[in-house]
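J.: Quick one, input.cif (mmCIF, C-alpha atoms):
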```cif
data_upload
loop_
_atom_site.label_atom_id
_atom_site.label_comp_id
_atom_site.auth_asym_id
_atom_site.auth_seq_id
_atom_site.Cartn_x
_atom_site.Cartn_y
_atom_site.Cartn_z
CA MET A 22 -2.21 -9.93 -61.17
CA THR A 23 -5.70 -9.29 -62.49
CA LEU A 24 -8.92 -9.65 -60.61
CA ASP A 25 -11.34 -11.96 -62.30
CA ALA A 26 -15.01 -11.37 -61.64
CA SER A 27 -15.68 -14.23 -59.24
CA PHE A 28 -12.60 -13.39 -57.23
CA LYS A 29 -13.58 -9.77 -56.97
CA GLU A 30 -16.92 -10.93 -55.61
CA ILE A 31 -15.15 -12.93 -52.88
CA VAL A 32 -13.03 -9.95 -51.87
CA ASP A 33 -16.02 -7.61 -51.82
CA MET A 34 -18.00 -10.03 -49.70
CA LEU A 35 -15.17 -10.43 -47.23
CA ALA A 36 -14.86 -6.65 -46.94
CA GLU A 37 -18.60 -6.43 -46.31
CA LEU A 38 -18.41 -9.18 -43.67
CA LYS A 39 -15.52 -7.46 -41.97
CA ASP A 40 -17.18 -4.04 -41.90
CA THR A 41 -20.54 -5.39 -40.79
CA SER A 42 -19.10 -7.46 -37.96
CA GLU A 43 -17.12 -4.47 -36.70
CA LEU A 44 -20.18 -2.28 -36.93
CA MET A 45 -22.11 -4.87 -34.92
CA MET A 46 -19.43 -4.84 -32.26
CA ASP A 47 -19.63 -1.02 -31.98
CA LEU A 48 -23.43 -1.10 -31.84
CA ALA A 49 -23.51 -3.95 -29.33
CA TYR A 50 -21.16 -2.25 -26.89
CA SER A 51 -23.17 0.96 -27.28
CA SER A 52 -26.41 -0.95 -26.71
CA ILE A 53 -25.21 -2.22 -23.35
CA PHE A 54 -23.51 0.96 -22.17
CA LEU A 55 -26.49 3.09 -23.18
CA TYR A 56 -28.92 0.28 -22.39
CA SER A 57 -30.69 0.81 -25.70
CA LYS A 58 -33.12 -1.86 -26.92
CA GLU A 59 -33.26 -0.12 -30.24
CA LEU A 60 -29.53 -0.57 -30.87
CA ALA A 61 -29.68 -4.14 -29.61
CA GLN A 62 -32.43 -4.79 -32.15
CA GLU A 63 -30.22 -3.44 -34.94
CA VAL A 64 -27.53 -5.89 -33.86
CA ALA A 65 -30.00 -8.78 -34.00
CA THR A 66 -31.04 -7.81 -37.53
CA LEU A 67 -27.44 -7.55 -38.64
CA GLU A 68 -26.64 -10.92 -37.11
CA GLU A 69 -29.05 -12.65 -39.46
CA TYR A 70 -27.61 -10.68 -42.34
CA VAL A 71 -24.05 -11.76 -41.47
CA ASP A 72 -25.09 -15.42 -41.07
CA ASP A 73 -26.58 -15.31 -44.51
CA LEU A 74 -23.68 -13.45 -46.10
CA HIS A 75 -21.13 -15.73 -44.47
CA THR A 76 -22.81 -18.81 -45.95
CA LYS A 77 -22.81 -17.19 -49.39
CA PHE A 78 -19.16 -16.29 -48.93
CA GLU A 79 -18.17 -19.84 -48.02
CA LEU A 80 -20.10 -21.28 -50.93
CA LEU A 81 -18.42 -18.86 -53.30
CA VAL A 82 -14.95 -19.77 -52.01
CA LEU A 83 -15.79 -23.46 -52.34
CA THR A 84 -16.89 -23.12 -55.95
CA ARG A 85 -13.47 -21.84 -56.95
CA CYS A 86 -11.32 -24.66 -58.23
CA ILE A 87 -8.32 -24.25 -56.02
CA SER A 88 -4.92 -25.59 -56.91
CA ALA A 89 -2.70 -27.15 -54.26
CA GLU A 90 -0.38 -24.19 -54.08
CA GLU A 91 -3.31 -21.78 -53.80
CA SER A 92 -4.95 -23.71 -51.00
CA LYS A 93 -3.11 -22.00 -48.15
CA ASN A 94 -4.13 -18.57 -49.35
CA PHE A 95 -7.72 -19.68 -49.53
CA LEU A 96 -7.57 -21.19 -46.07
CA GLY A 97 -6.62 -17.74 -44.83
CA LEU A 98 -9.73 -16.36 -46.52
CA ILE A 99 -12.01 -18.98 -45.02
CA ARG A 100 -10.60 -18.38 -41.55
CA LEU A 101 -11.11 -14.64 -41.85
CA GLY A 102 -14.71 -15.35 -42.77
CA VAL A 103 -15.14 -17.53 -39.69
CA VAL A 104 -13.69 -14.78 -37.52
CA THR A 105 -16.22 -12.22 -38.76
CA GLU A 106 -18.97 -14.67 -37.90
CA LYS A 107 -17.49 -15.15 -34.41
CA ILE A 108 -17.39 -11.41 -33.81
CA ALA A 109 -20.97 -11.12 -34.98
CA ASP A 110 -21.98 -13.86 -32.52
CA ALA A 111 -20.19 -12.13 -29.66
CA ALA A 112 -21.92 -8.86 -30.55
CA MET A 113 -25.25 -10.70 -30.53
CA GLN A 114 -24.42 -12.13 -27.10
CA ILE A 115 -23.98 -8.59 -25.77
CA ALA A 116 -27.13 -7.31 -27.47
CA GLY A 117 -28.95 -10.37 -26.09
CA VAL A 118 -28.43 -9.12 -22.54
CA VAL A 119 -30.32 -5.95 -23.43
CA LEU A 120 -33.02 -7.74 -25.43
CA ARG A 121 -33.67 -10.11 -22.53
CA GLY A 122 -34.14 -7.10 -20.29
CA LEU A 123 -31.34 -8.12 -17.93
CA GLU A 124 -30.43 -4.85 -16.29
CA PRO A 125 -26.72 -4.66 -15.72
CA HIS A 126 -25.29 -4.23 -12.25
CA PRO A 127 -25.76 -0.78 -10.64
CA VAL A 128 -22.00 -0.18 -10.70
CA LEU A 129 -22.20 -0.11 -14.44
CA LYS A 130 -25.47 1.81 -14.66
CA LEU A 131 -24.27 4.52 -12.37
CA ALA A 132 -21.47 5.34 -14.72
CA ILE A 133 -23.85 5.48 -17.67
CA LYS A 134 -26.45 7.64 -15.94
CA GLU A 135 -23.79 10.14 -15.06
CA ALA A 136 -23.17 10.75 -18.69
CA GLU A 137 -26.89 10.96 -19.56
CA GLU A 138 -26.20 9.77 -23.02
CA THR A 139 -28.92 8.86 -25.40
CA VAL A 140 -29.43 7.39 -28.87
CA VAL A 141 -31.10 9.50 -31.55
CA HIS A 142 -32.21 8.80 -35.14
CA ALA A 143 -32.19 11.52 -37.74
CA GLN A 144 -32.77 11.51 -41.47
CA VAL A 145 -30.60 13.75 -43.62
CA SER A 146 -32.80 15.98 -45.77
CA LYS A 147 -31.84 17.23 -49.23
CA LYS A 148 -31.31 20.70 -47.83
CA SER A 149 -29.13 19.57 -44.98
CA PRO A 150 -25.60 20.95 -45.07
CA LEU A 151 -24.43 17.41 -44.29
CA ALA A 152 -25.59 15.95 -47.62
CA GLY A 153 -22.67 15.26 -49.91
CA LYS A 154 -20.05 15.83 -47.22
CA THR A 155 -17.68 13.30 -45.76
CA LEU A 156 -17.94 12.66 -42.05
CA ARG A 157 -14.61 14.40 -41.62
CA GLU A 158 -15.99 17.55 -43.29
CA ALA A 159 -19.38 17.27 -41.63
CA GLN A 160 -17.96 17.83 -38.12
CA VAL A 161 -21.05 16.37 -36.51
CA HIS A 162 -19.30 15.94 -33.18
CA GLU A 163 -17.98 19.50 -33.14
CA GLU A 164 -21.43 20.90 -34.00
CA THR A 165 -23.59 18.73 -31.76
CA GLY A 166 -21.37 16.92 -29.27
CA MET A 167 -22.80 13.65 -30.62
CA TRP A 168 -21.12 10.74 -32.38
CA VAL A 169 -22.42 8.96 -35.49
CA LEU A 170 -22.65 5.24 -34.61
CA CYS A 171 -24.11 3.97 -37.82
CA ILE A 172 -25.50 5.13 -41.15
CA LYS A 173 -28.54 3.36 -42.58
CA ARG A 174 -28.87 3.79 -46.32
CA GLY A 175 -31.82 1.96 -47.84
CA ASP A 176 -31.39 -1.59 -46.66
CA ARG A 177 -27.67 -1.20 -46.02
CA TRP A 178 -25.84 -0.40 -42.82
CA ILE A 179 -22.61 1.52 -43.07
CA ARG A 180 -19.91 1.72 -40.44
CA PRO A 181 -18.88 5.37 -40.31
CA LYS A 182 -15.31 6.20 -41.29
CA PRO A 183 -13.84 9.69 -41.67
CA ASP A 184 -14.12 9.57 -45.47
CA THR A 185 -17.63 8.09 -45.62
CA VAL A 186 -19.85 10.43 -47.66
CA ILE A 187 -23.24 11.30 -46.15
CA GLU A 188 -26.07 11.24 -48.68
CA ALA A 189 -29.49 12.89 -48.58
CA GLY A 190 -31.97 10.31 -47.32
CA ASP A 191 -29.45 8.59 -45.04
CA HIS A 192 -30.62 7.74 -41.54
CA LEU A 193 -28.00 8.56 -38.95
CA ILE A 194 -27.96 6.69 -35.65
CA VAL A 195 -26.21 8.98 -33.25
CA SER A 196 -25.36 8.87 -29.58
CA GLY A 197 -24.34 11.53 -27.12
CA TYR A 198 -25.69 14.00 -24.58
CA ALA A 199 -29.40 14.63 -24.93
CA GLU A 200 -28.78 18.37 -25.33
CA GLY A 201 -27.13 17.72 -28.68
CA ALA A 202 -30.29 16.23 -30.19
CA GLU A 203 -31.76 19.66 -31.06
CA ASP A 204 -28.58 20.70 -32.85
CA LEU A 205 -28.56 17.41 -34.69
CA LYS A 206 -32.13 17.85 -35.91
CA ARG A 207 -31.26 21.28 -37.20
CA LEU A 208 -28.13 20.00 -38.91
CA THR A 209 -29.83 17.10 -40.67
CA ASN A 210 -32.94 19.00 -41.67
CA SER A 211 -32.15 22.67 -42.03
CA GLU A 212 -35.28 23.80 -43.85
CA LYS A 213 -36.20 26.75 -41.68
CA LYS A 214 -33.11 27.95 -39.95
CA SER A 215 -29.97 28.18 -41.98
CA ARG A 216 -26.73 28.00 -40.11
CA LYS A 217 -24.26 30.81 -40.07
CA MET B 29 1.50 -24.60 -25.43
CA ALA B 30 1.44 -21.15 -23.89
CA ARG B 31 2.39 -20.78 -20.25
CA LEU B 32 -0.74 -20.07 -18.29
CA GLU B 33 -0.37 -18.14 -15.09
CA LYS B 34 -2.39 -18.54 -11.95
CA ILE B 35 -4.80 -15.66 -11.47
CA LYS B 36 -4.91 -14.11 -8.01
CA TYR B 37 -7.97 -12.11 -7.01
CA LYS B 38 -7.39 -8.35 -7.04
CA PRO B 39 -9.95 -5.84 -5.84
CA ILE B 40 -10.55 -3.88 -9.06
CA SER B 41 -13.91 -2.30 -9.84
CA VAL B 42 -16.18 -4.32 -12.11
CA ARG B 43 -16.73 -1.30 -14.27
CA ASP B 44 -13.03 -0.61 -14.77
CA LEU B 45 -12.43 -4.23 -15.69
CA LEU B 46 -15.27 -4.24 -18.17
CA VAL B 47 -14.24 -0.98 -19.80
CA GLU B 48 -10.69 -2.26 -20.15
CA MET B 49 -11.88 -5.51 -21.71
CA LYS B 50 -14.06 -3.59 -24.14
CA ASP B 51 -11.26 -1.21 -25.16
CA LEU B 52 -8.71 -3.98 -25.53
CA SER B 53 -10.99 -6.26 -27.53
CA GLU B 54 -11.91 -3.49 -29.96
CA LEU B 55 -8.30 -2.44 -30.45
CA MET B 56 -7.27 -6.07 -30.94
CA ILE B 57 -9.61 -6.52 -33.88
CA ASP B 58 -8.13 -3.53 -35.70
CA LEU B 59 -4.62 -4.65 -34.87
CA ALA B 60 -5.28 -8.22 -35.97
CA TYR B 61 -6.71 -7.25 -39.35
CA SER B 62 -3.79 -4.95 -39.91
CA ALA B 63 -1.41 -7.78 -39.00
CA ALA B 64 -3.14 -10.10 -41.49
CA LEU B 65 -3.44 -7.65 -44.34
CA PHE B 66 0.10 -6.36 -44.09
CA ASN B 67 1.43 -9.75 -43.05
CA SER B 68 3.11 -8.33 -39.96
CA ARG B 69 4.45 -10.79 -37.41
CA PRO B 70 5.25 -8.15 -34.72
CA LEU B 71 1.67 -6.85 -34.82
CA ALA B 72 0.33 -10.41 -34.63
CA GLU B 73 2.48 -11.09 -31.57
CA GLU B 74 1.13 -7.93 -29.95
CA VAL B 75 -2.40 -9.27 -30.50
CA ILE B 76 -1.51 -12.57 -28.81
CA GLU B 77 -0.13 -10.62 -25.84
CA MET B 78 -3.40 -8.67 -25.62
CA GLU B 79 -5.41 -11.87 -25.82
CA ARG B 80 -3.59 -13.18 -22.78
CA GLN B 81 -4.37 -9.93 -20.99
CA VAL B 82 -8.08 -10.12 -21.82
CA ASP B 83 -8.18 -13.75 -20.66
CA ASN B 84 -6.79 -12.70 -17.29
CA LEU B 85 -9.21 -9.79 -17.03
CA ALA B 86 -12.11 -12.16 -17.72
CA TYR B 87 -11.06 -14.36 -14.80
CA LEU B 88 -10.75 -11.33 -12.51
CA LEU B 89 -14.11 -10.01 -13.58
CA ASP B 90 -15.83 -13.31 -12.92
CA MET B 91 -14.26 -13.44 -9.46
CA SER B 92 -15.43 -9.91 -8.68
CA ALA B 93 -18.92 -10.70 -9.92
CA MET B 94 -19.11 -13.82 -7.75
CA LEU B 95 -18.03 -11.91 -4.68
CA ALA B 96 -20.52 -9.13 -5.30
CA ALA B 97 -23.58 -11.37 -5.52
CA ARG B 98 -25.48 -11.45 -2.23
CA ASP B 99 -28.97 -12.37 -3.40
CA ALA B 100 -31.00 -13.36 -6.45
CA LYS B 101 -31.37 -9.78 -7.62
CA ASP B 102 -27.63 -9.25 -7.52
CA ALA B 103 -27.15 -12.46 -9.44
CA GLU B 104 -29.52 -11.26 -12.18
CA SER B 105 -27.67 -7.98 -12.64
CA LEU B 106 -24.23 -9.52 -12.39
CA VAL B 107 -24.90 -12.25 -14.91
CA ALA B 108 -25.38 -9.47 -17.46
CA VAL B 109 -21.90 -8.18 -16.69
CA SER B 110 -20.48 -11.66 -16.90
CA VAL B 111 -22.11 -12.36 -20.28
CA VAL B 112 -20.75 -9.13 -21.71
CA ALA B 113 -17.30 -9.98 -20.38
CA GLY B 114 -17.61 -13.41 -22.01
CA ALA B 115 -18.47 -11.75 -25.30
CA ALA B 116 -15.48 -9.39 -25.05
CA ASP B 117 -13.35 -12.46 -24.42
CA LYS B 118 -14.83 -14.10 -27.53
CA ILE B 119 -14.03 -11.04 -29.61
CA SER B 120 -10.47 -11.10 -28.35
CA ASP B 121 -10.24 -14.80 -29.23
CA ALA B 122 -11.45 -13.96 -32.72
CA ALA B 123 -8.68 -11.38 -32.99
CA GLY B 124 -6.26 -14.05 -31.79
CA ASP B 125 -7.49 -16.34 -34.58
CA ILE B 126 -6.65 -13.68 -37.15
CA ALA B 127 -3.20 -13.21 -35.61
CA THR B 128 -2.67 -16.97 -35.82
CA ILE B 129 -3.25 -16.85 -39.58
CA VAL B 130 -0.12 -14.68 -39.71
CA LEU B 131 1.93 -16.57 -37.13
CA ARG B 132 1.27 -19.97 -38.74
CA GLU B 133 2.16 -18.47 -42.11
CA ILE B 134 -1.15 -19.52 -43.60
CA GLY B 135 -1.34 -16.16 -45.28
CA ILE B 136 -4.08 -14.24 -47.01
CA HIS B 137 -4.45 -14.29 -50.76
CA PRO B 138 -2.24 -11.51 -52.14
CA ILE B 139 -5.07 -10.09 -54.22
CA VAL B 140 -7.19 -9.72 -51.12
CA ARG B 141 -4.31 -7.97 -49.41
CA GLU B 142 -3.95 -5.62 -52.36
CA ALA B 143 -7.64 -4.80 -52.34
CA PHE B 144 -7.68 -4.08 -48.60
CA GLU B 145 -4.46 -2.10 -48.56
CA LYS B 146 -6.09 0.56 -50.68
CA VAL B 147 -8.95 1.19 -48.30
CA GLU B 148 -7.57 0.46 -44.88
CA GLU B 149 -5.59 2.64 -42.60
CA GLN B 150 -2.48 0.87 -41.46
CA LEU B 151 -1.39 0.06 -37.94
CA SER B 152 2.16 -0.29 -36.80
CA ARG B 153 4.16 -0.84 -33.65
CA ALA B 154 7.54 0.46 -32.60
CA GLU B 155 9.68 -0.12 -29.55
CA ILE B 156 11.24 2.92 -27.93
CA GLN B 157 14.94 2.08 -27.76
CA LYS B 158 17.41 3.27 -25.17
CA GLY B 159 18.46 6.80 -26.08
CA SER B 160 15.52 7.23 -28.49
CA VAL B 161 14.73 10.80 -29.49
CA TRP B 162 11.16 10.11 -28.41
CA ALA B 163 11.94 8.91 -24.88
CA ASN B 164 10.66 11.01 -21.97
CA ARG B 165 8.57 13.25 -24.21
CA THR B 166 4.81 13.60 -24.12
CA LEU B 167 2.66 12.56 -27.06
CA ARG B 168 1.76 16.22 -27.54
CA ASP B 169 5.46 17.10 -27.93
CA LEU B 170 5.95 14.42 -30.57
CA GLU B 171 3.30 16.07 -32.78
CA LEU B 172 2.72 12.89 -34.76
CA ALA B 173 -0.84 13.77 -35.70
CA PRO B 174 -0.18 17.24 -37.14
CA LYS B 175 3.13 16.24 -38.73
CA MET B 176 2.32 12.91 -40.36
CA GLY B 177 -1.33 12.20 -39.69
CA VAL B 178 -0.50 9.35 -37.35
CA ASP B 179 -2.36 8.71 -34.09
CA ILE B 180 -0.91 6.77 -31.18
CA ILE B 181 -3.75 4.45 -30.20
CA ALA B 182 -2.01 2.45 -27.48
CA ILE B 183 1.16 2.17 -25.46
CA ARG B 184 2.36 -1.09 -23.94
CA ARG B 185 4.50 -0.66 -20.85
CA ASN B 186 5.75 -4.03 -19.59
CA LYS B 187 2.53 -6.01 -19.71
CA GLU B 188 0.09 -3.16 -19.21
CA PHE B 189 -1.68 -1.53 -22.11
CA ILE B 190 -2.61 2.15 -22.03
CA ILE B 191 -5.40 2.46 -24.57
CA ASN B 192 -6.14 5.78 -26.26
CA PRO B 193 -3.46 7.56 -24.23
CA GLU B 194 -3.92 11.23 -23.31
CA HIS B 195 -1.83 13.92 -25.00
CA ASP B 196 0.21 14.46 -21.85
CA GLU B 197 1.17 10.80 -21.55
CA LEU B 198 4.95 10.38 -21.44
CA VAL B 199 6.68 7.95 -23.77
CA LEU B 200 9.35 5.98 -21.90
CA GLU B 201 12.31 3.86 -22.93
CA GLY B 202 11.18 0.28 -23.45
CA ASP B 203 7.59 1.25 -24.30
CA VAL B 204 5.93 -0.27 -27.32
CA VAL B 205 3.82 2.35 -29.10
CA ILE B 206 1.04 1.35 -31.47
CA ALA B 207 0.08 3.81 -34.19
CA ARG B 208 -2.63 4.18 -36.80
CA GLY B 209 -2.48 6.22 -39.98
CA ALA B 210 -2.27 6.31 -43.76
CA PRO B 211 0.53 4.13 -45.22
CA MET B 212 2.82 7.10 -45.93
CA GLY B 213 2.50 8.51 -42.44
CA ILE B 214 3.14 5.07 -40.99
CA GLU B 215 6.36 4.77 -43.00
CA GLU B 216 7.53 8.07 -41.54
CA PHE B 217 6.49 6.92 -38.07
CA GLU B 218 8.57 3.74 -38.36
CA ARG B 219 11.59 5.67 -39.61
CA LEU B 220 11.46 8.25 -36.80
CA ALA B 221 10.67 5.74 -34.06
CA GLY B 222 13.98 4.01 -34.69
CA LYS B 223 16.05 7.18 -34.30
CA THR B 224 18.27 7.50 -31.27
CA LEU B 225 20.15 10.56 -30.02
CA LYS B 226 23.36 9.21 -31.57
CA THR B 227 21.93 8.82 -35.06
CA ALA B 228 19.67 11.87 -34.95
CA GLY B 229 22.40 14.35 -35.84
CA SER B 230 23.72 12.49 -38.85
#
```
Here is the file; what I need is its structure written in the form of structure tokens.
T.:
Amino acid sequence: MTLDASFKEIVDMLAELKDTSELMMDLAYSSIFLYSKELAQEVATLEEYVDDLHTKFELLVLTRCISAEESKNFLGLIRLGVVTEKIADAAMQIAGVVLRGLEPHPVLKLAIKEAEETVVHAQVSKKSPLAGKTLREAQVHEETGMWVLCIKRGDRWIRPKPDTVIEAGDHLIVSGYAEGAEDLKRLTNSEKKSRK
Amino acid sequence: MARLEKIKYKPISVRDLLVEMKDLSELMIDLAYSAALFNSRPLAEEVIEMERQVDNLAYLLDMSAMLAARDAKDAESLVAVSVVAGAADKISDAAGDIATIVLREIGIHPIVREAFEKVEEQLSRAEIQKGSVWANRTLRDLELAPKMGVDIIAIRRNKEFIINPEHDELVLEGDVVIARGAPMGIEEFERLAGKTLKTAGS
């Protein structure tokens, strides 16, 4: 089977919808557990993006002339698209709690405070040892105790996977213990101190 | 129509309920996509089982939230919990929708499957049979991660899910273990999971 151009576009769009909706889910849960307005705002921005992309995706599927025997396969595609939209909505619902300033019940907050986790942004400089490495190689967690939640590259958001390559100029959104923030700054921008 | 059970109030902490709903709903999404992309009925059925579980947890959480509210301030803070629980429930429903694509044999376009198979890690499930070589051993002993690059991401024991089990968790006869890894590792996982003491020597 060969991929014709319009079909490849549909597949790519679906992959993008899937990744973005999963990223939103990660960010939304983090936004409530860390009670971070900043993360909640990212979710809200992504929600609009997914709405838009989902419409484009549906239009693209509809413009394919589908034969009767193909129709079931395409129904599967359309349903997957709807699911990504649903997940995005649910993520927005969670982020909405934070954006409305509804403080969650003390039972929940207590558990978060204990951990004293925080959200930090850092831009990867050209000299950073992270540039050009995959997340697996970069060992950000081992070095800093913090986890990469999301990578912002230009106007794109990327859900981190072990083989995602970090590029110079990327903005990392990272969460973890506040003590790790110093290490992270050094790692992303190692102009003065070089690491052993 | 699925049999729906009556939910009896149980005193479980709101936080524990919420964390469990979050973990389950996230795992379900991964499992559901894997079921769709690899057209796996057993995985899809596992997702439906989890959906039922999340539904029940949502009921329990709402009950706990209602009981905990004494005044307006409580209500304000508990509604946040309830909304988040509702969202987790929605996510689990979405995962259920994906599983239904498989169970109703609607199917995903084969080209899409091909394209995703290349990039996605695969999930798989295996039941630990009576006399399995894996029974009564800890996850650490099984050494699945170092040997085949496969991680056990959940264990289902009767109707309870243990999500992200610890290394010293024991695998028991009758457990369903859910694994994640590259396709080759997963193949090896499925082969070994079926081995019993009788067949192991041959």
J.: Restricting the calculation to all atoms listed in the file: of A:Leu38, A:Val161, A:Ile179, A:Leu98, which residue gets closest to Arg141 of chain B?
T.: A:Leu98
J.: Determine the nearest neighbour of Gly190 of chain A from the options A:Lys39, A:Arg174, A:Lys107, A:His75, counting only C-alpha atoms.
T.: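 When distances to Gly190 of chain A are compared using only C-alpha atoms, the smallest one comes from A:Arg174.
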J.: Given the file shown, determine the residues that the PyMOL selection byres ((chain B) within 8 of (chain A)) selects; report them as a ChimeraX atom specification.
T.: /B:42-43,50,54,102,104-109,111-112,115-116,118-119,122-123,125-126,129,134-140,143-144
J.: Can you pull out every residue within 8 Å of segment 192-209 of chain A, counting all atoms listed in the file, but drop anything in the same chain fewer than 6 positions away, and send it as a ChimeraX atom specification?
T.: /A:136-146,149-151,161,164-174
J.: For atom CA of Met94 of chain B and atom CA of Pro39 of chain B, determine how far apart the two atoms are, in Å to one decimal place.
T.: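 Rounded to one decimal, the two atoms are 12.3 Å apart.
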J.: Could you give me, as a ChimeraX atom specification, the residues within 6 Å of Gln150 of chain B, counting only C-alpha atoms and dropping anything in the same chain fewer than 4 positions from it?
T.: /B:208-211
J.: Applying 12 Å and only C-alpha atoms, which residues near Ala63 of chain B remain after dropping the ones on its own chain fewer than 2 positions away? List them as a PyMOL selection string.
T.: chain B and resi 56-61+65-76+123-131+133+135-136+141+145+148-153
J.: Would you save the residues of that selection, restricted to C-alpha atoms, as a tab-separated table (two decimals), in the coordinates of the input?
T.:
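Writing the result to again.tsv gives the following:
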```
chain	number	residue	atom	x	y	z
B	56	MET	CA	-7.27	-6.07	-30.94
B	57	ILE	CA	-9.61	-6.52	-33.88
B	58	ASP	CA	-8.13	-3.53	-35.70
B	59	LEU	CA	-4.62	-4.65	-34.87
B	60	ALA	CA	-5.28	-8.22	-35.97
B	61	TYR	CA	-6.71	-7.25	-39.35
B	65	LEU	CA	-3.44	-7.65	-44.34
B	66	PHE	CA	0.10	-6.36	-44.09
B	67	ASN	CA	1.43	-9.75	-43.05
B	68	SER	CA	3.11	-8.33	-39.96
B	69	ARG	CA	4.45	-10.79	-37.41
B	70	PRO	CA	5.25	-8.15	-34.72
B	71	LEU	CA	1.67	-6.85	-34.82
B	72	ALA	CA	0.33	-10.41	-34.63
B	73	GLU	CA	2.48	-11.09	-31.57
B	74	GLU	CA	1.13	-7.93	-29.95
B	75	VAL	CA	-2.40	-9.27	-30.50
B	76	ILE	CA	-1.51	-12.57	-28.81
B	123	ALA	CA	-8.68	-11.38	-32.99
B	124	GLY	CA	-6.26	-14.05	-31.79
B	125	ASP	CA	-7.49	-16.34	-34.58
B	126	ILE	CA	-6.65	-13.68	-37.15
B	127	ALA	CA	-3.20	-13.21	-35.61
B	128	THR	CA	-2.67	-16.97	-35.82
B	129	ILE	CA	-3.25	-16.85	-39.58
B	130	VAL	CA	-0.12	-14.68	-39.71
B	131	LEU	CA	1.93	-16.57	-37.13
B	133	GLU	CA	2.16	-18.47	-42.11
B	135	GLY	CA	-1.34	-16.16	-45.28
B	136	ILE	CA	-4.08	-14.24	-47.01
B	141	ARG	CA	-4.31	-7.97	-49.41
B	145	GLU	CA	-4.46	-2.10	-48.56
B	148	GLU	CA	-7.57	0.46	-44.88
B	149	GLU	CA	-5.59	2.64	-42.60
B	150	GLN	CA	-2.48	0.87	-41.46
B	151	LEU	CA	-1.39	0.06	-37.94
B	152	SER	CA	2.16	-0.29	-36.80
B	153	ARG	CA	4.16	-0.84	-33.65
```
J.: Excluding Met176 of chain B and residues on its chain fewer than 2 positions from it, collect all residues at most 8 Å away from it, counting all atoms listed in the file, and give them as a PDB file with C-alpha atoms, keeping the file's coordinate frame.
T.:
```pdb
ATOM      1  CA  LEU B 172       2.720  12.890 -34.760  1.00  0.00           C
ATOM      2  CA  ALA B 173      -0.840  13.770 -35.700  1.00  0.00           C
ATOM      3  CA  PRO B 174      -0.180  17.240 -37.140  1.00  0.00           C
ATOM      4  CA  VAL B 178      -0.500   9.350 -37.350  1.00  0.00           C
ATOM      5  CA  GLY B 213       2.500   8.510 -42.440  1.00  0.00           C
ATOM      6  CA  ILE B 214       3.140   5.070 -40.990  1.00  0.00           C
ATOM      7  CA  GLU B 216       7.530   8.070 -41.540  1.00  0.00           C
ATOM      8  CA  PHE B 217       6.490   6.920 -38.070  1.00  0.00           C
TER       9      PHE B 217
END
```
J.: I'd like the interatomic distance between atom CA of Leu80 of chain A and atom CA of Asp25 of chain A, to a tenth of an Å.
T.: 17.1 Å
J.: For a quick check of understanding, using all atoms listed in the file, which of A:Ala26, A:Val64, A:Val82, A:Asp184 has the smallest distance to Leu44 of chain A?
T.: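 Going through A:Ala26, A:Val64, A:Val82, A:Asp184 one by one, the smallest distance to Leu44 of chain A is for A:Val64.
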